[in-house]
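Novice: What follows is data17.cif; its format and atoms are mmCIF, C-alpha atoms.
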```cif
data_upload
loop_
_atom_site.label_atom_id
_atom_site.label_comp_id
_atom_site.auth_asym_id
_atom_site.auth_seq_id
_atom_site.Cartn_x
_atom_site.Cartn_y
_atom_site.Cartn_z
CA MET A 1 77.47 100.37 -167.89
CA ASN A 2 80.71 98.67 -168.78
CA GLY A 3 79.62 95.15 -169.57
CA LEU A 4 80.97 93.79 -166.30
CA PRO A 5 78.72 91.99 -163.86
CA LYS A 6 77.25 94.32 -161.28
CA GLN A 7 79.34 94.28 -158.13
CA LYS A 8 77.74 93.09 -154.95
CA LYS A 9 77.55 95.82 -152.40
CA ARG A 10 80.42 95.70 -149.96
CA SER A 11 80.56 97.07 -146.47
CA LEU A 12 83.43 99.12 -145.11
CA PRO A 13 84.41 98.51 -141.49
CA ASN A 14 83.29 101.18 -139.01
CA GLY A 15 86.08 103.02 -137.24
CA ILE A 16 89.34 104.65 -138.18
CA TYR A 17 90.58 104.63 -141.76
CA ALA A 18 94.27 105.53 -141.38
CA LEU A 19 96.49 106.83 -144.17
CA THR A 20 100.25 106.90 -144.37
CA SER A 21 102.11 110.17 -144.83
CA GLU A 22 105.79 109.83 -144.14
CA PRO A 23 106.56 113.56 -144.46
CA HIS A 24 104.23 114.13 -141.47
CA SER A 25 105.43 111.13 -139.46
CA LEU A 26 108.00 112.93 -137.26
CA GLY A 27 110.93 111.06 -138.78
CA ARG A 28 109.40 107.61 -138.38
CA ASN A 29 109.01 105.53 -141.53
CA ASN A 30 105.70 104.22 -142.89
CA ILE A 31 106.27 100.72 -141.57
CA GLU A 32 106.99 101.82 -138.00
CA VAL A 33 103.96 104.07 -138.03
CA ALA A 34 101.72 101.39 -139.55
CA ASN A 35 102.83 98.97 -136.86
CA GLU A 36 101.67 101.37 -134.16
CA ILE A 37 98.38 102.04 -135.95
CA LEU A 38 97.50 98.43 -136.63
CA ALA A 39 98.39 97.33 -133.12
CA CYS A 40 95.51 99.54 -131.94
CA GLY A 41 93.00 97.58 -134.00
CA VAL A 42 92.51 100.16 -136.74
CA PRO A 43 90.56 98.22 -139.40
CA ILE A 44 91.68 100.04 -142.59
CA LEU A 45 95.05 101.31 -143.73
CA GLN A 46 95.61 103.24 -146.94
CA TYR A 47 99.07 103.63 -148.42
CA ARG A 48 99.29 107.11 -149.92
CA GLU A 49 102.64 108.16 -151.26
CA LYS A 50 103.26 110.80 -153.88
CA SER A 51 106.99 111.11 -154.33
CA LYS A 52 108.85 107.84 -153.84
CA LYS A 53 110.23 105.65 -156.60
CA VAL A 54 107.91 102.81 -157.60
CA ARG A 55 110.36 100.13 -156.46
CA LYS A 56 110.54 101.66 -152.99
CA MET A 57 106.74 101.94 -152.82
CA TYR A 58 106.48 98.32 -153.91
CA GLU A 59 108.80 97.20 -151.12
CA GLU A 60 106.87 99.21 -148.53
CA CYS A 61 103.56 97.88 -149.80
CA LEU A 62 104.80 94.30 -149.60
CA ALA A 63 105.68 94.90 -145.96
CA LEU A 64 102.36 96.64 -145.26
CA ARG A 65 100.42 93.88 -147.00
CA ALA A 66 102.02 91.36 -144.62
CA LEU A 67 101.38 93.59 -141.59
CA THR A 68 97.74 94.30 -142.42
CA GLN A 69 97.15 90.61 -143.02
CA GLN A 70 98.68 89.83 -139.65
CA TYR A 71 96.33 92.30 -137.96
CA GLY A 72 93.28 91.47 -140.09
CA ALA A 73 93.03 95.01 -141.48
CA LEU A 74 92.04 96.04 -144.98
CA PHE A 75 94.92 97.34 -147.09
CA ILE A 76 94.08 99.95 -149.71
CA ILE A 77 96.58 101.61 -152.05
CA ASN A 78 96.10 105.13 -153.33
CA ASP A 79 96.28 105.76 -157.09
CA HIS A 80 98.67 102.98 -158.11
CA LEU A 81 96.50 100.11 -159.25
CA ASP A 82 99.51 98.32 -160.65
CA LEU A 83 101.02 98.36 -157.16
CA ALA A 84 97.71 97.24 -155.64
CA MET A 85 97.62 94.27 -158.01
CA ALA A 86 101.32 93.55 -157.58
CA VAL A 87 101.15 93.17 -153.79
CA GLY A 88 97.65 91.72 -153.53
CA ALA A 89 96.11 94.68 -151.72
CA ASP A 90 92.43 94.55 -150.79
CA GLY A 91 91.64 97.67 -152.72
CA VAL A 92 92.65 100.74 -154.60
CA HIS A 93 91.57 104.32 -153.97
CA ILE A 94 91.32 106.68 -156.91
CA GLY A 95 90.60 110.36 -157.37
CA GLN A 96 88.60 112.30 -159.92
CA ASP A 97 91.74 112.75 -162.05
CA ASP A 98 92.71 109.09 -162.23
CA LEU A 99 91.66 106.43 -164.74
CA PRO A 100 87.90 106.18 -165.27
CA LEU A 101 86.34 103.85 -162.73
CA SER A 102 85.00 101.45 -165.36
CA LYS A 103 88.51 101.08 -166.77
CA VAL A 104 89.96 100.51 -163.29
CA ARG A 105 87.39 97.77 -162.66
CA GLU A 106 88.26 96.17 -165.98
CA LEU A 107 91.94 96.08 -165.03
CA VAL A 108 91.74 95.02 -161.37
CA GLY A 109 88.92 92.51 -161.75
CA PRO A 110 85.79 92.05 -159.69
CA ASP A 111 87.37 91.32 -156.30
CA LEU A 112 89.42 94.40 -155.54
CA ILE A 113 87.66 97.12 -153.56
CA ILE A 114 87.54 100.41 -155.47
CA GLY A 115 87.16 103.62 -153.51
CA VAL A 116 86.69 106.99 -155.16
CA SER A 117 87.30 110.48 -153.73
CA THR A 118 84.23 112.68 -154.24
CA HIS A 119 83.68 116.36 -153.53
CA SER A 120 80.07 116.96 -154.57
CA PRO A 121 76.68 115.25 -154.82
CA ASP A 122 77.17 114.81 -158.59
CA GLN A 123 80.47 113.06 -158.11
CA ALA A 124 79.00 110.84 -155.39
CA GLN A 125 76.10 109.77 -157.60
CA ALA A 126 78.42 109.18 -160.56
CA ALA A 127 80.70 107.00 -158.41
CA VAL A 128 77.73 104.94 -157.27
CA SER A 129 76.41 104.44 -160.79
CA GLU A 130 79.88 103.55 -162.08
CA GLY A 131 80.26 100.82 -159.47
CA ALA A 132 82.48 102.27 -156.72
CA ASP A 133 82.58 100.10 -153.61
CA TYR A 134 82.85 103.12 -151.37
CA ILE A 135 83.40 106.86 -151.68
CA GLY A 136 85.59 109.34 -149.87
CA VAL A 137 83.66 112.41 -148.73
CA GLY A 138 85.68 115.54 -148.26
CA PRO A 139 87.77 117.42 -147.59
CA LEU A 140 85.44 118.34 -144.74
CA PHE A 141 87.83 120.82 -143.15
CA THR A 142 90.91 122.72 -144.26
CA THR A 143 93.85 120.38 -144.55
CA LYS A 144 97.52 120.87 -145.26
CA THR A 145 98.35 117.18 -145.65
CA LYS A 146 97.86 117.17 -149.42
CA VAL A 147 99.34 119.81 -151.68
CA ASP A 148 96.82 119.51 -154.51
CA VAL A 149 93.69 119.30 -152.41
CA CYS A 150 90.54 121.26 -153.25
CA ASP A 151 88.76 123.65 -150.89
CA PRO A 152 86.74 122.13 -148.05
CA VAL A 153 83.41 120.84 -149.35
CA GLY A 154 81.55 121.70 -146.16
CA LEU A 155 79.55 119.54 -143.80
CA ASN A 156 76.41 119.89 -145.93
CA TYR A 157 77.95 117.52 -148.42
CA LEU A 158 78.54 114.94 -145.68
CA ASP A 159 74.91 115.36 -144.67
CA PHE A 160 73.83 114.82 -148.30
CA VAL A 161 75.83 111.58 -148.50
CA VAL A 162 74.50 110.28 -145.20
CA ASN A 163 70.94 110.79 -146.39
CA ASN A 164 71.18 109.97 -150.10
CA ILE A 165 74.01 107.58 -150.92
CA ASP A 166 73.62 103.91 -150.19
CA ILE A 167 77.17 102.65 -150.57
CA PRO A 168 79.73 102.93 -147.76
CA PHE A 169 81.64 106.17 -147.39
CA VAL A 170 84.58 107.49 -145.46
CA ALA A 171 84.69 111.06 -144.17
CA ILE A 172 88.03 112.71 -144.82
CA GLY A 173 89.97 115.96 -144.76
CA GLY A 174 91.17 117.89 -141.74
CA ILE A 175 89.49 115.59 -139.23
CA LYS A 176 91.13 115.89 -135.80
CA GLU A 177 90.44 114.86 -132.24
CA HIS A 178 88.66 118.19 -131.62
CA ASN A 179 86.17 117.95 -134.53
CA LEU A 180 85.71 114.18 -134.74
CA ALA A 181 82.53 114.20 -132.63
CA GLU A 182 80.91 116.65 -135.07
CA VAL A 183 81.62 114.31 -137.98
CA ILE A 184 80.28 111.31 -136.11
CA ASN A 185 77.19 113.23 -135.10
CA LEU A 186 76.45 113.94 -138.75
CA GLY A 187 76.39 110.19 -139.38
CA ALA A 188 79.92 109.19 -140.45
CA ARG A 189 80.90 105.74 -139.24
CA THR A 190 84.23 105.36 -141.03
CA VAL A 191 86.56 108.30 -140.60
CA ALA A 192 89.88 108.92 -142.32
CA LEU A 193 92.65 110.67 -140.42
CA VAL A 194 96.13 111.29 -141.68
CA THR A 195 98.32 113.88 -139.94
CA GLU A 196 96.31 113.67 -136.72
CA ILE A 197 97.53 110.08 -136.33
CA VAL A 198 100.87 109.80 -138.11
CA GLY A 199 101.94 113.19 -136.79
CA SER A 200 101.27 112.28 -133.18
CA SER A 201 104.24 111.54 -130.96
CA ASP A 202 102.05 109.04 -129.10
CA ILE A 203 100.13 107.23 -131.86
CA ARG A 204 98.63 104.60 -129.55
CA GLY A 205 97.37 107.16 -127.05
CA LYS A 206 95.98 109.32 -129.86
CA ILE A 207 94.13 106.41 -131.45
CA LYS A 208 92.69 105.31 -128.10
CA ARG A 209 91.23 108.79 -127.59
CA LEU A 210 89.87 108.88 -131.15
CA GLN A 211 88.31 105.45 -130.74
CA HIS A 212 86.76 106.52 -127.47
CA ILE A 213 85.15 109.54 -129.15
CA MET A 214 83.85 107.38 -131.99
CA ASP A 215 82.42 104.78 -129.63
CA THR A 216 80.78 107.33 -127.33
CA GLN A 217 79.36 109.53 -130.08
CA THR A 218 78.12 106.59 -132.15
CA PHE A 219 76.24 105.41 -129.12
CA THR A 220 74.58 108.77 -128.47
CA SER A 221 74.26 110.05 -132.06
CA PRO A 222 70.70 110.23 -133.40
CA LYS A 223 71.98 108.94 -136.74
CA ALA A 224 73.25 105.69 -135.20
CA MET B 1 112.38 82.19 -163.15
CA ASN B 2 108.85 83.20 -162.27
CA GLY B 3 106.84 80.19 -163.40
CA LEU B 4 105.66 81.94 -166.55
CA PRO B 5 106.35 80.42 -169.94
CA LYS B 6 109.54 81.69 -171.50
CA GLN B 7 108.86 84.59 -173.83
CA LYS B 8 109.71 84.17 -177.44
CA LYS B 9 112.37 86.57 -178.56
CA ARG B 10 110.93 89.66 -180.20
CA SER B 11 112.57 91.99 -182.64
CA LEU B 12 112.45 95.76 -182.36
CA PRO B 13 112.11 97.72 -185.60
CA ASN B 14 115.30 99.37 -186.84
CA GLY B 15 115.18 103.14 -187.04
CA ILE B 16 114.07 105.99 -184.83
CA TYR B 17 112.52 105.35 -181.44
CA ALA B 18 110.84 108.68 -180.64
CA LEU B 19 109.77 109.78 -177.16
CA THR B 20 107.31 112.49 -176.18
CA SER B 21 108.39 115.37 -174.00
CA GLU B 22 105.88 118.18 -173.98
CA PRO B 23 108.05 120.58 -171.94
CA HIS B 24 110.58 120.47 -174.79
CA SER B 25 108.04 120.63 -177.63
CA LEU B 26 108.13 124.40 -178.26
CA GLY B 27 104.55 124.88 -177.12
CA ARG B 28 103.09 122.12 -179.26
CA ASN B 29 101.20 119.37 -177.47
CA ASN B 30 102.11 115.68 -177.52
CA ILE B 31 99.45 114.81 -180.08
CA GLU B 32 100.53 117.46 -182.60
CA VAL B 33 104.15 116.40 -182.21
CA ALA B 34 103.33 112.70 -182.50
CA ASN B 35 101.39 113.39 -185.69
CA GLU B 36 104.47 114.97 -187.27
CA ILE B 37 106.72 112.17 -186.08
CA LEU B 38 104.52 109.31 -187.21
CA ALA B 39 103.85 110.89 -190.60
CA CYS B 40 107.60 110.47 -191.25
CA GLY B 41 107.38 106.71 -190.81
CA VAL B 42 109.01 106.54 -187.38
CA PRO B 43 108.34 102.96 -186.29
CA ILE B 44 108.28 103.35 -182.48
CA LEU B 45 106.76 106.00 -180.23
CA GLN B 46 107.14 106.05 -176.47
CA TYR B 47 104.87 108.15 -174.29
CA ARG B 48 106.95 109.49 -171.42
CA GLU B 49 105.26 111.92 -169.10
CA LYS B 50 106.25 112.65 -165.54
CA SER B 51 103.96 115.32 -164.22
CA LYS B 52 100.45 115.18 -165.68
CA LYS B 53 97.38 113.82 -163.93
CA VAL B 54 96.63 110.20 -164.75
CA ARG B 55 93.30 111.06 -166.40
CA LYS B 56 95.02 113.49 -168.74
CA MET B 57 97.73 110.95 -169.56
CA TYR B 58 95.03 108.37 -170.22
CA GLU B 59 93.27 110.67 -172.68
CA GLU B 60 96.53 111.44 -174.48
CA CYS B 61 97.45 107.78 -174.63
CA LEU B 62 94.07 106.86 -176.09
CA ALA B 63 94.68 109.38 -178.86
CA LEU B 64 98.25 108.19 -179.40
CA ARG B 65 97.15 104.55 -179.45
CA ALA B 66 94.77 105.41 -182.30
CA LEU B 67 97.43 107.43 -184.14
CA THR B 68 100.17 104.79 -183.85
CA GLN B 69 97.73 102.15 -185.03
CA GLN B 70 96.86 104.31 -188.02
CA TYR B 71 100.55 104.63 -188.90
CA GLY B 72 101.49 101.05 -188.03
CA ALA B 73 103.95 102.14 -185.34
CA LEU B 74 104.63 100.47 -182.02
CA PHE B 75 103.26 102.35 -179.01
CA ILE B 76 105.17 101.98 -175.76
CA ILE B 77 104.26 103.68 -172.48
CA ASN B 78 106.89 104.66 -169.94
CA ASP B 79 106.47 103.50 -166.32
CA HIS B 80 102.67 103.32 -166.13
CA LEU B 81 101.75 99.74 -166.81
CA ASP B 82 98.19 100.37 -165.74
CA LEU B 83 97.94 103.00 -168.48
CA ALA B 84 99.59 100.65 -170.98
CA MET B 85 97.01 98.00 -170.19
CA ALA B 86 94.15 100.50 -170.12
CA VAL B 87 94.76 101.79 -173.66
CA GLY B 88 96.05 98.57 -175.21
CA ALA B 89 99.58 99.81 -175.85
CA ASP B 90 102.08 97.46 -177.47
CA GLY B 91 104.46 97.71 -174.61
CA VAL B 92 105.67 99.26 -171.41
CA HIS B 93 109.10 100.64 -170.66
CA ILE B 94 110.39 100.46 -167.10
CA GLY B 95 113.44 101.68 -165.24
CA GLN B 96 115.64 100.15 -162.60
CA ASP B 97 113.49 101.75 -159.88
CA ASP B 98 110.14 100.44 -161.10
CA LEU B 99 108.38 97.19 -160.26
CA PRO B 100 110.53 94.09 -160.68
CA LEU B 101 110.38 92.81 -164.24
CA SER B 102 108.96 89.41 -163.23
CA LYS B 103 106.11 91.19 -161.45
CA VAL B 104 105.45 93.43 -164.44
CA ARG B 105 105.28 90.39 -166.70
CA GLU B 106 102.85 88.74 -164.29
CA LEU B 107 100.57 91.78 -164.42
CA VAL B 108 100.68 92.65 -168.11
CA GLY B 109 100.61 89.09 -169.45
CA PRO B 110 102.75 87.45 -172.12
CA ASP B 111 101.87 89.69 -175.07
CA LEU B 112 102.96 93.14 -173.99
CA ILE B 113 106.49 94.15 -174.92
CA ILE B 114 108.58 94.99 -171.85
CA GLY B 115 111.58 97.26 -172.26
CA VAL B 116 114.01 97.99 -169.44
CA SER B 117 116.44 100.90 -169.06
CA THR B 118 119.93 99.61 -168.31
CA HIS B 119 123.11 101.46 -167.46
CA SER B 120 125.71 98.70 -167.02
CA PRO B 121 126.61 95.21 -168.23
CA ASP B 122 125.21 93.71 -165.01
CA GLN B 123 121.87 95.40 -165.52
CA ALA B 124 121.76 94.32 -169.16
CA GLN B 125 122.44 90.70 -168.28
CA ALA B 126 119.87 90.80 -165.46
CA ALA B 127 117.23 92.22 -167.81
CA VAL B 128 117.90 89.46 -170.32
CA SER B 129 117.68 86.71 -167.72
CA GLU B 130 114.49 88.22 -166.26
CA GLY B 131 112.80 88.18 -169.65
CA ALA B 132 112.98 91.74 -171.00
CA ASP B 133 111.97 91.99 -174.64
CA TYR B 134 114.47 94.77 -175.24
CA ILE B 135 116.78 97.01 -173.23
CA GLY B 136 117.52 100.71 -173.30
CA VAL B 137 121.26 101.41 -173.38
CA GLY B 138 122.31 104.75 -172.03
CA PRO B 139 122.45 107.57 -171.39
CA LEU B 140 125.23 107.58 -173.96
CA PHE B 141 125.82 111.33 -173.80
CA THR B 142 124.97 114.11 -171.37
CA THR B 143 121.26 114.88 -171.54
CA LYS B 144 119.09 117.50 -169.93
CA THR B 145 115.78 115.98 -171.01
CA LYS B 146 115.32 113.99 -167.82
CA VAL B 147 115.80 115.52 -164.38
CA ASP B 148 116.65 112.29 -162.53
CA VAL B 149 118.95 110.81 -165.11
CA CYS B 150 122.27 109.18 -164.19
CA ASP B 151 125.66 110.18 -165.60
CA PRO B 152 126.47 109.10 -169.15
CA VAL B 153 127.45 105.45 -169.25
CA GLY B 154 129.94 105.90 -172.04
CA LEU B 155 130.13 104.34 -175.46
CA ASN B 156 132.00 101.32 -174.08
CA TYR B 157 128.76 100.10 -172.60
CA LEU B 158 127.08 100.33 -176.00
CA ASP B 159 129.95 98.35 -177.44
CA PHE B 160 129.50 95.72 -174.72
CA VAL B 161 125.81 95.36 -175.53
CA VAL B 162 126.40 95.13 -179.27
CA ASN B 163 128.83 92.29 -178.73
CA ASN B 164 127.33 90.43 -175.77
CA ILE B 165 123.56 90.89 -175.50
CA ASP B 166 121.31 88.96 -177.82
CA ILE B 167 117.99 90.72 -177.30
CA PRO B 168 117.10 93.95 -179.12
CA PHE B 169 118.31 97.21 -177.66
CA VAL B 170 117.74 100.89 -178.18
CA ALA B 171 120.54 103.42 -177.76
CA ILE B 172 119.42 106.47 -175.79
CA GLY B 173 120.54 109.62 -174.05
CA GLY B 174 121.79 112.83 -175.62
CA ILE B 175 121.73 111.46 -179.17
CA LYS B 176 121.57 114.30 -181.72
CA GLU B 177 122.02 114.77 -185.42
CA HIS B 178 125.74 115.51 -184.89
CA ASN B 179 126.57 112.32 -182.94
CA LEU B 180 124.09 109.88 -184.47
CA ALA B 181 126.60 108.48 -186.96
CA GLU B 182 128.95 107.56 -184.11
CA VAL B 183 126.18 105.58 -182.41
CA ILE B 184 125.25 103.80 -185.61
CA ASN B 185 128.88 103.02 -186.31
CA LEU B 186 129.13 101.28 -182.96
CA GLY B 187 126.31 98.98 -184.02
CA ALA B 188 123.06 100.55 -182.82
CA ARG B 189 120.15 99.96 -185.17
CA THR B 190 117.33 101.42 -183.07
CA VAL B 191 118.05 104.85 -181.70
CA ALA B 192 115.99 106.87 -179.25
CA LEU B 193 115.84 110.64 -179.59
CA VAL B 194 113.75 112.97 -177.51
CA THR B 195 114.58 116.68 -177.47
CA GLU B 196 116.40 116.48 -180.80
CA ILE B 197 113.07 115.64 -182.45
CA VAL B 198 110.30 117.17 -180.32
CA GLY B 199 112.37 120.32 -179.78
CA SER B 200 112.87 120.90 -183.49
CA SER B 201 110.84 123.64 -185.15
CA ASP B 202 110.83 121.50 -188.30
CA ILE B 203 110.21 117.95 -187.07
CA ARG B 204 109.75 116.47 -190.54
CA GLY B 205 112.95 117.98 -191.87
CA LYS B 206 114.86 116.90 -188.76
CA ILE B 207 113.61 113.32 -189.01
CA LYS B 208 114.43 113.12 -192.71
CA ARG B 209 118.03 114.14 -191.95
CA LEU B 210 118.25 111.66 -189.07
CA GLN B 211 116.84 108.88 -191.24
CA HIS B 212 119.31 109.71 -193.95
CA ILE B 213 122.21 109.44 -191.50
CA MET B 214 120.90 106.11 -190.21
CA ASP B 215 120.42 104.70 -193.70
CA THR B 216 123.81 105.86 -194.95
CA GLN B 217 125.76 104.80 -191.87
CA THR B 218 124.03 101.47 -191.59
CA PHE B 219 125.01 100.76 -195.15
CA THR B 220 128.66 101.64 -194.60
CA SER B 221 129.04 100.54 -190.99
CA PRO B 222 131.21 97.42 -190.45
CA LYS B 223 128.71 96.27 -187.79
CA ALA B 224 125.84 96.13 -190.27
#
```
As structure tokens - that is how I would like this structure written.
Specialist:
Amino acid sequence: MNGLPKQKKRSLPNGIYALTSEPHSLGRNNIEVANEILACGVPILQYREKSKKVRKMYEECLALRALTQQYGALFIINDHLDLAMAVGADGVHIGQDDLPLSKVRELVGPDLIIGVSTHSPDQAQAAVSEGADYIGVGPLFTTKTKVDVCDPVGLNYLDFVVNNIDIPFVAIGGIKEHNLAEVINLGARTVALVTEIVGSSDIRGKIKRLQHIMDTQTFTSPKA
Amino acid sequence: MNGLPKQKKRSLPNGIYALTSEPHSLGRNNIEVANEILACGVPILQYREKSKKVRKMYEECLALRALTQQYGALFIINDHLDLAMAVGADGVHIGQDDLPLSKVRELVGPDLIIGVSTHSPDQAQAAVSEGADYIGVGPLFTTKTKVDVCDPVGLNYLDFVVNNIDIPFVAIGGIKEHNLAEVINLGARTVALVTEIVGSSDIRGKIKRLQHIMDTQTFTSPKA
């Protein structure tokens, strides 16, 4: 496709894929919140920040890179591949309106994980053929975390991905404690939550309950 | 400083350093405006865009890279070093709140021109010692082009740079046809203009008048 060697298929850890969102973090900063999250054994943290100056984001990402390394978690940066390269993140997550995936791969090299947000079967298949390491699948439910988010894609799309896409995926968008079991039951094994975690006054308690739901449902789900 | 080989000193072409600003372009898009500008022999074009989606910026920059190549002009991209690398721009221009210069150099390699906005003697000297290829000096006058711009630095700062900094510089910020001679008389040889050019209904006529002022003043200026 782009002259680069075909990437070997990577796995994505099962469990919670947490994202930062300081405006929803009840006054706590991203580092404090990430500390709480990572201490619970969450295996993936994405830094998503839309409005800070690059230098400030760089400083936060340096701190989060050290923290995620300490806890053995993957560190993914949203959009900013220059930042991801600058701090040695494990990966970069891009949307449909970012640089073309083949160009991103060319710039970041073969080792960085590239995740791509997808909202339809066509986009999922395109991401696979262009060499994404994983895809985001959503938004599954209505969400107010992002301002420029599209309408919910519906659970049928998640079902399509479970049954037709053979690279890892993360379910995302409006997932909360009360609908997590439904998502797991449809076959999701990696689940992204933003406001539900960073907006909780008791992040550790919240994550324990989410992890319990994921463990229980995975065990009983027919898709497991 | 950062283990990289010392950059050889580059020159910056004398003349107009034009910047895009679609919101000030009287309804014309960046490509139309750039066409007019480059047809007048302007030697440097910077793409500065704060609000478009990355994919859109990428497409515009691909077109502008082709255009600048056709006209033999330098193509510099503001802030987005990933974009600069993706389209093979000649350089990237960063501000005081972007990634540290040493990190930018590490990412873009030795060949890309790196320009840095500076607003004080300390910042100018830091940029030189960190390996900037050129500095921006300003804003010299009040400007409404940028929303997050600092107060004018005053012409004393330009005078300081002319007499103390030995890398190329570009004067910027609120420079118009009526105050251009003053800037040239202080010793500027590369002058950035944004709204004065892109906001003109007759870009070619405007640039001809600006070029005439620069040519005449440079010839008579004691600093020449």
Novice: Which residues are near Gln211 in chain B? Cut-off 10 Å, only C-alpha atoms, ignore same chain within fewer than 3 positions. Put them as a PDB file with C-alpha atoms, keeping the file's coordinate frame.
Specialist:
```
ATOM      1  CA  GLY B  15     115.180 103.140-187.040  1.00  0.00           C
ATOM      2  CA  ILE B  16     114.070 105.990-184.830  1.00  0.00           C
ATOM      3  CA  CYS B  40     107.600 110.470-191.250  1.00  0.00           C
ATOM      4  CA  GLY B  41     107.380 106.710-190.810  1.00  0.00           C
ATOM      5  CA  VAL B  42     109.010 106.540-187.380  1.00  0.00           C
ATOM      6  CA  GLU B 177     122.020 114.770-185.420  1.00  0.00           C
ATOM      7  CA  LEU B 180     124.090 109.880-184.470  1.00  0.00           C
ATOM      8  CA  GLY B 205     112.950 117.980-191.870  1.00  0.00           C
ATOM      9  CA  LYS B 206     114.860 116.900-188.760  1.00  0.00           C
ATOM     10  CA  ILE B 207     113.610 113.320-189.010  1.00  0.00           C
ATOM     11  CA  LYS B 208     114.430 113.120-192.710  1.00  0.00           C
ATOM     12  CA  MET B 214     120.900 106.110-190.210  1.00  0.00           C
ATOM     13  CA  ASP B 215     120.420 104.700-193.700  1.00  0.00           C
ATOM     14  CA  THR B 216     123.810 105.860-194.950  1.00  0.00           C
ATOM     15  CA  GLN B 217     125.760 104.800-191.870  1.00  0.00           C
TER      16      GLN B 217
END
```
Novice: Expanded to explicit residues, what is the PyMOL selection byres ((chain B and resi 61-67) around 8) for this file, as a short mmCIF file (atom, residue, chain, number, x, y, z; two decimals) with C-alpha atoms, in the coordinates of the input?
Specialist:
```cif
data_model
loop_
_atom_site.label_atom_id
_atom_site.label_comp_id
_atom_site.auth_asym_id
_atom_site.auth_seq_id
_atom_site.Cartn_x
_atom_site.Cartn_y
_atom_site.Cartn_z
CA ILE B 31 99.45 114.81 -180.08
CA ALA B 34 103.33 112.70 -182.50
CA ASN B 35 101.39 113.39 -185.69
CA LEU B 38 104.52 109.31 -187.21
CA TYR B 47 104.87 108.15 -174.29
CA MET B 57 97.73 110.95 -169.56
CA TYR B 58 95.03 108.37 -170.22
CA GLU B 59 93.27 110.67 -172.68
CA GLU B 60 96.53 111.44 -174.48
CA THR B 68 100.17 104.79 -183.85
CA GLN B 69 97.73 102.15 -185.03
CA GLN B 70 96.86 104.31 -188.02
CA TYR B 71 100.55 104.63 -188.90
CA PHE B 75 103.26 102.35 -179.01
CA LEU B 83 97.94 103.00 -168.48
CA VAL B 87 94.76 101.79 -173.66
CA GLY B 88 96.05 98.57 -175.21
CA ALA B 89 99.58 99.81 -175.85
#
```
Novice: Should the cut-off be 6 Å, what would the residue list for chain A against chain B look like, counting only C-alpha atoms, as a list in words?
Specialist: Val54, Arg55, Asp82, Asp97, Asp98 and Leu99 of chain A
Novice: How would you write, as a ChimeraX atom specification, the residues chosen by the PyMOL selection byres ((chain B and resi 189-200) around 9) on this structure?
Specialist: /B:12-26,28,30,33-34,37,136,144-145,168-177,180,183-184,187-188,201-207,214,218,224
Novice: Which residues, named as in the file, does the PyMOL selection byres ((chain A and resi 91) around 7) pick out? Answer as a ChimeraX atom specification.
Specialist: /A:75-77,84,89-90,92-93,112-114
Novice: Which value, in Å to one decimal, gives the distance between CA of Pro110 in chain A and CA of Ser11 in chain A?
Specialist: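 Result for CA of Pro110 in chain A versus CA of Ser11 in chain A: 15.1 Å, one decimal.
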Novice: CA of Asp148 in chain B and CA of Val161 in chain B, how far apart in Å?
Specialist: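 Atom-to-atom, CA of Val161 in chain B and CA of Asp148 in chain B are spaced 23.2 Å apart.
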Novice: Mind checking which residues fall within 9 Å of Ile167 in chain A, counting all atoms listed in the file, ignoring those fewer than 6 positions away in the same chain, and posting them as a ChimeraX atom specification?
Specialist: /A:9-11,128,132-135
Novice: Grab the residues selected above and save them as a PDB file, in the coordinates of the input with C-alpha atoms.
Specialist:
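And here is the file that came out, out_11.pdb:
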```
ATOM      1  CA  LYS A   9      77.550  95.820-152.400  1.00  0.00           C
ATOM      2  CA  ARG A  10      80.420  95.700-149.960  1.00  0.00           C
ATOM      3  CA  SER A  11      80.560  97.070-146.470  1.00  0.00           C
ATOM      4  CA  VAL A 128      77.730 104.940-157.270  1.00  0.00           C
ATOM      5  CA  ALA A 132      82.480 102.270-156.720  1.00  0.00           C
ATOM      6  CA  ASP A 133      82.580 100.100-153.610  1.00  0.00           C
ATOM      7  CA  TYR A 134      82.850 103.120-151.370  1.00  0.00           C
ATOM      8  CA  ILE A 135      83.400 106.860-151.680  1.00  0.00           C
TER       9      ILE A 135
END
```
